[in-house]
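Asker: Supplied in structure tokens, the structure appears directly below.
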Amino acid sequence: MLKITVCPVCGGKVRQVKEDWAGEFRGQEYRVPDLEYYICEDCSERIYPHEAIKKIEAYSPAFQVAEPV
């Protein structure tokens, strides 16, 4: 996983977190368990590595394949 130590927005200190993450798509809430990403301790900017984005996509209803009619 990518190692980030400085916030690209404000230059503050960034720490890695691993927690359940909640999202919403068109009013439908969903959860991503144990998502690893970075958060800035100064400005709260969140930085999502490629692996985190792929995991969010796997759980998001926005990326679910529609069944043919």
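Residue numbering restarts at 1 for every chain of the structure tokens, chains are lettered A, B, ... in their displayed order, and ligands are numbered from 1 as they appear.
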Within 12 Å of A:Pro8, counting only C-alpha atoms, which residues qualify if same-chain residues fewer than 6 places away don't, as a list in words?
Answerer: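 The filter keeps Val14, Tyr38, Ile39, Cys40, Asp42, Cys43, Ser44, Glu45, Arg46 and Ile47 of chain A.
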Asker: Next, write the just-selected residues to a file, as a compact mmCIF listing (two decimals), in the first residue's frame, keeping C-alpha atoms as the atom set.
Answerer:
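The resulting result22.txt:
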```txt
# COMPACT_ATOMS: atom_id res chain seq x y z
CA VAL A 14 -1.13 12.35 7.85
CA TYR A 38 -5.11 8.20 5.30
CA ILE A 39 -6.47 11.25 7.11
CA CYS A 40 -4.79 14.60 7.79
CA ASP A 42 -4.81 19.23 10.64
CA CYS A 43 -7.42 19.68 7.90
CA SER A 44 -9.16 16.25 7.97
CA GLU A 45 -8.50 15.66 4.27
CA ARG A 46 -8.93 11.99 3.41
CA ILE A 47 -6.57 10.30 0.97
```
Asker: Excluding A:Lys54 and residues on its chain fewer than 4 positions from it, collect all residues at most 12 Å away from it, counting only C-alpha atoms, and give them as number ranges by chain.
Answerer: A: 32, 35-37, 48-50, 58-60, 63
Asker: Create the file for the chosen residues now, containing N, CA and C atoms and written as a PDB file, in the first residue's frame.
Answerer:
```pdb
ATOM      1  N   VAL A  32     -18.336  -0.201   4.046  1.00  0.00           N
ATOM      2  CA  VAL A  32     -17.136  -0.909   3.610  1.00  0.00           C
ATOM      3  C   VAL A  32     -16.362  -1.261   4.879  1.00  0.00           C
ATOM      4  N   LEU A  35     -11.732  -0.526   5.962  1.00  0.00           N
ATOM      5  CA  LEU A  35     -11.106   0.234   4.872  1.00  0.00           C
ATOM      6  C   LEU A  35      -9.857   0.936   5.388  1.00  0.00           C
ATOM      7  N   GLU A  36      -8.756   0.786   4.675  1.00  0.00           N
ATOM      8  CA  GLU A  36      -7.497   1.442   5.043  1.00  0.00           C
ATOM      9  C   GLU A  36      -7.291   2.660   4.148  1.00  0.00           C
ATOM     10  N   TYR A  37      -7.132   3.824   4.784  1.00  0.00           N
ATOM     11  CA  TYR A  37      -6.881   5.066   4.053  1.00  0.00           C
ATOM     12  C   TYR A  37      -6.128   6.011   4.982  1.00  0.00           C
ATOM     13  N   TYR A  48      -7.321   8.394  -0.308  1.00  0.00           N
ATOM     14  CA  TYR A  48      -7.652   6.995  -0.543  1.00  0.00           C
ATOM     15  C   TYR A  48      -6.693   6.387  -1.565  1.00  0.00           C
ATOM     16  N   PRO A  49      -5.862   5.438  -1.129  1.00  0.00           N
ATOM     17  CA  PRO A  49      -4.992   4.744  -2.077  1.00  0.00           C
ATOM     18  C   PRO A  49      -5.825   3.917  -3.059  1.00  0.00           C
ATOM     19  N   HIS A  50      -5.198   3.471  -4.108  1.00  0.00           N
ATOM     20  CA  HIS A  50      -5.858   2.695  -5.153  1.00  0.00           C
ATOM     21  C   HIS A  50      -6.603   1.490  -4.566  1.00  0.00           C
ATOM     22  N   ALA A  58     -16.158  -2.129  -4.879  1.00  0.00           N
ATOM     23  CA  ALA A  58     -16.691  -3.480  -4.714  1.00  0.00           C
ATOM     24  C   ALA A  58     -17.955  -3.501  -3.849  1.00  0.00           C
ATOM     25  N   TYR A  59     -18.072  -2.566  -2.918  1.00  0.00           N
ATOM     26  CA  TYR A  59     -19.226  -2.517  -2.014  1.00  0.00           C
ATOM     27  C   TYR A  59     -20.298  -1.524  -2.457  1.00  0.00           C
ATOM     28  N   SER A  60     -19.958  -0.594  -3.319  1.00  0.00           N
ATOM     29  CA  SER A  60     -20.887   0.462  -3.710  1.00  0.00           C
ATOM     30  C   SER A  60     -21.954  -0.041  -4.673  1.00  0.00           C
ATOM     31  N   PHE A  63     -21.600   0.550  -8.543  1.00  0.00           N
ATOM     32  CA  PHE A  63     -20.780  -0.283  -9.411  1.00  0.00           C
ATOM     33  C   PHE A  63     -21.308  -1.707  -9.540  1.00  0.00           C
TER      34      PHE A  63
END
```
Asker: Identify all residues of chain A in strand (DSSP E) (DSSP on the backbone) and supply them as a ChimeraX atom specification.
Answerer: /A:14-25,28-40,46-47
Asker: Take atom CA of A:Gln64 and atom CA of A:Phe25 and report the distance between them in Å, one decimal.
Answerer: 11.4 Å
Asker: Find the distance between atom CA of A:Arg26 and atom CA of A:Glu51 and write it in Å to one decimal.
Answerer: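 Separating atom CA of A:Arg26 from atom CA of A:Glu51 is a distance of 23.7 Å.
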Asker: Please, what distance in Å, to one decimal, runs between atom CA of A:Arg31 and atom CA of A:Val6?
Answerer: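 Pair atom CA of A:Arg31 / atom CA of A:Val6 returns 27.2 Å.
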Asker: Just asking: which residues within chain A are helix (DSSP H, G or I) according to DSSP, as a VMD selection string?
Answerer: chain A and resid 50 to 59 61 to 63
Asker: May I have the selected residues written with C-alpha atoms, as a tab-separated table (two decimals), in the first residue's frame?
Answerer:
```tsv
chain	number	residue	atom	x	y	z
A	50	HIS	CA	-5.86	2.70	-5.15
A	51	GLU	CA	-6.59	-0.39	-3.03
A	52	ALA	CA	-9.12	1.56	-0.94
A	53	ILE	CA	-10.89	2.89	-4.04
A	54	LYS	CA	-11.18	-0.63	-5.45
A	55	LYS	CA	-12.66	-1.87	-2.16
A	56	ILE	CA	-15.19	1.02	-2.09
A	57	GLU	CA	-16.19	0.18	-5.67
A	58	ALA	CA	-16.69	-3.48	-4.71
A	59	TYR	CA	-19.23	-2.52	-2.01
A	61	PRO	CA	-24.27	-0.07	-5.36
A	62	ALA	CA	-23.11	2.39	-8.05
A	63	PHE	CA	-20.78	-0.28	-9.41
```
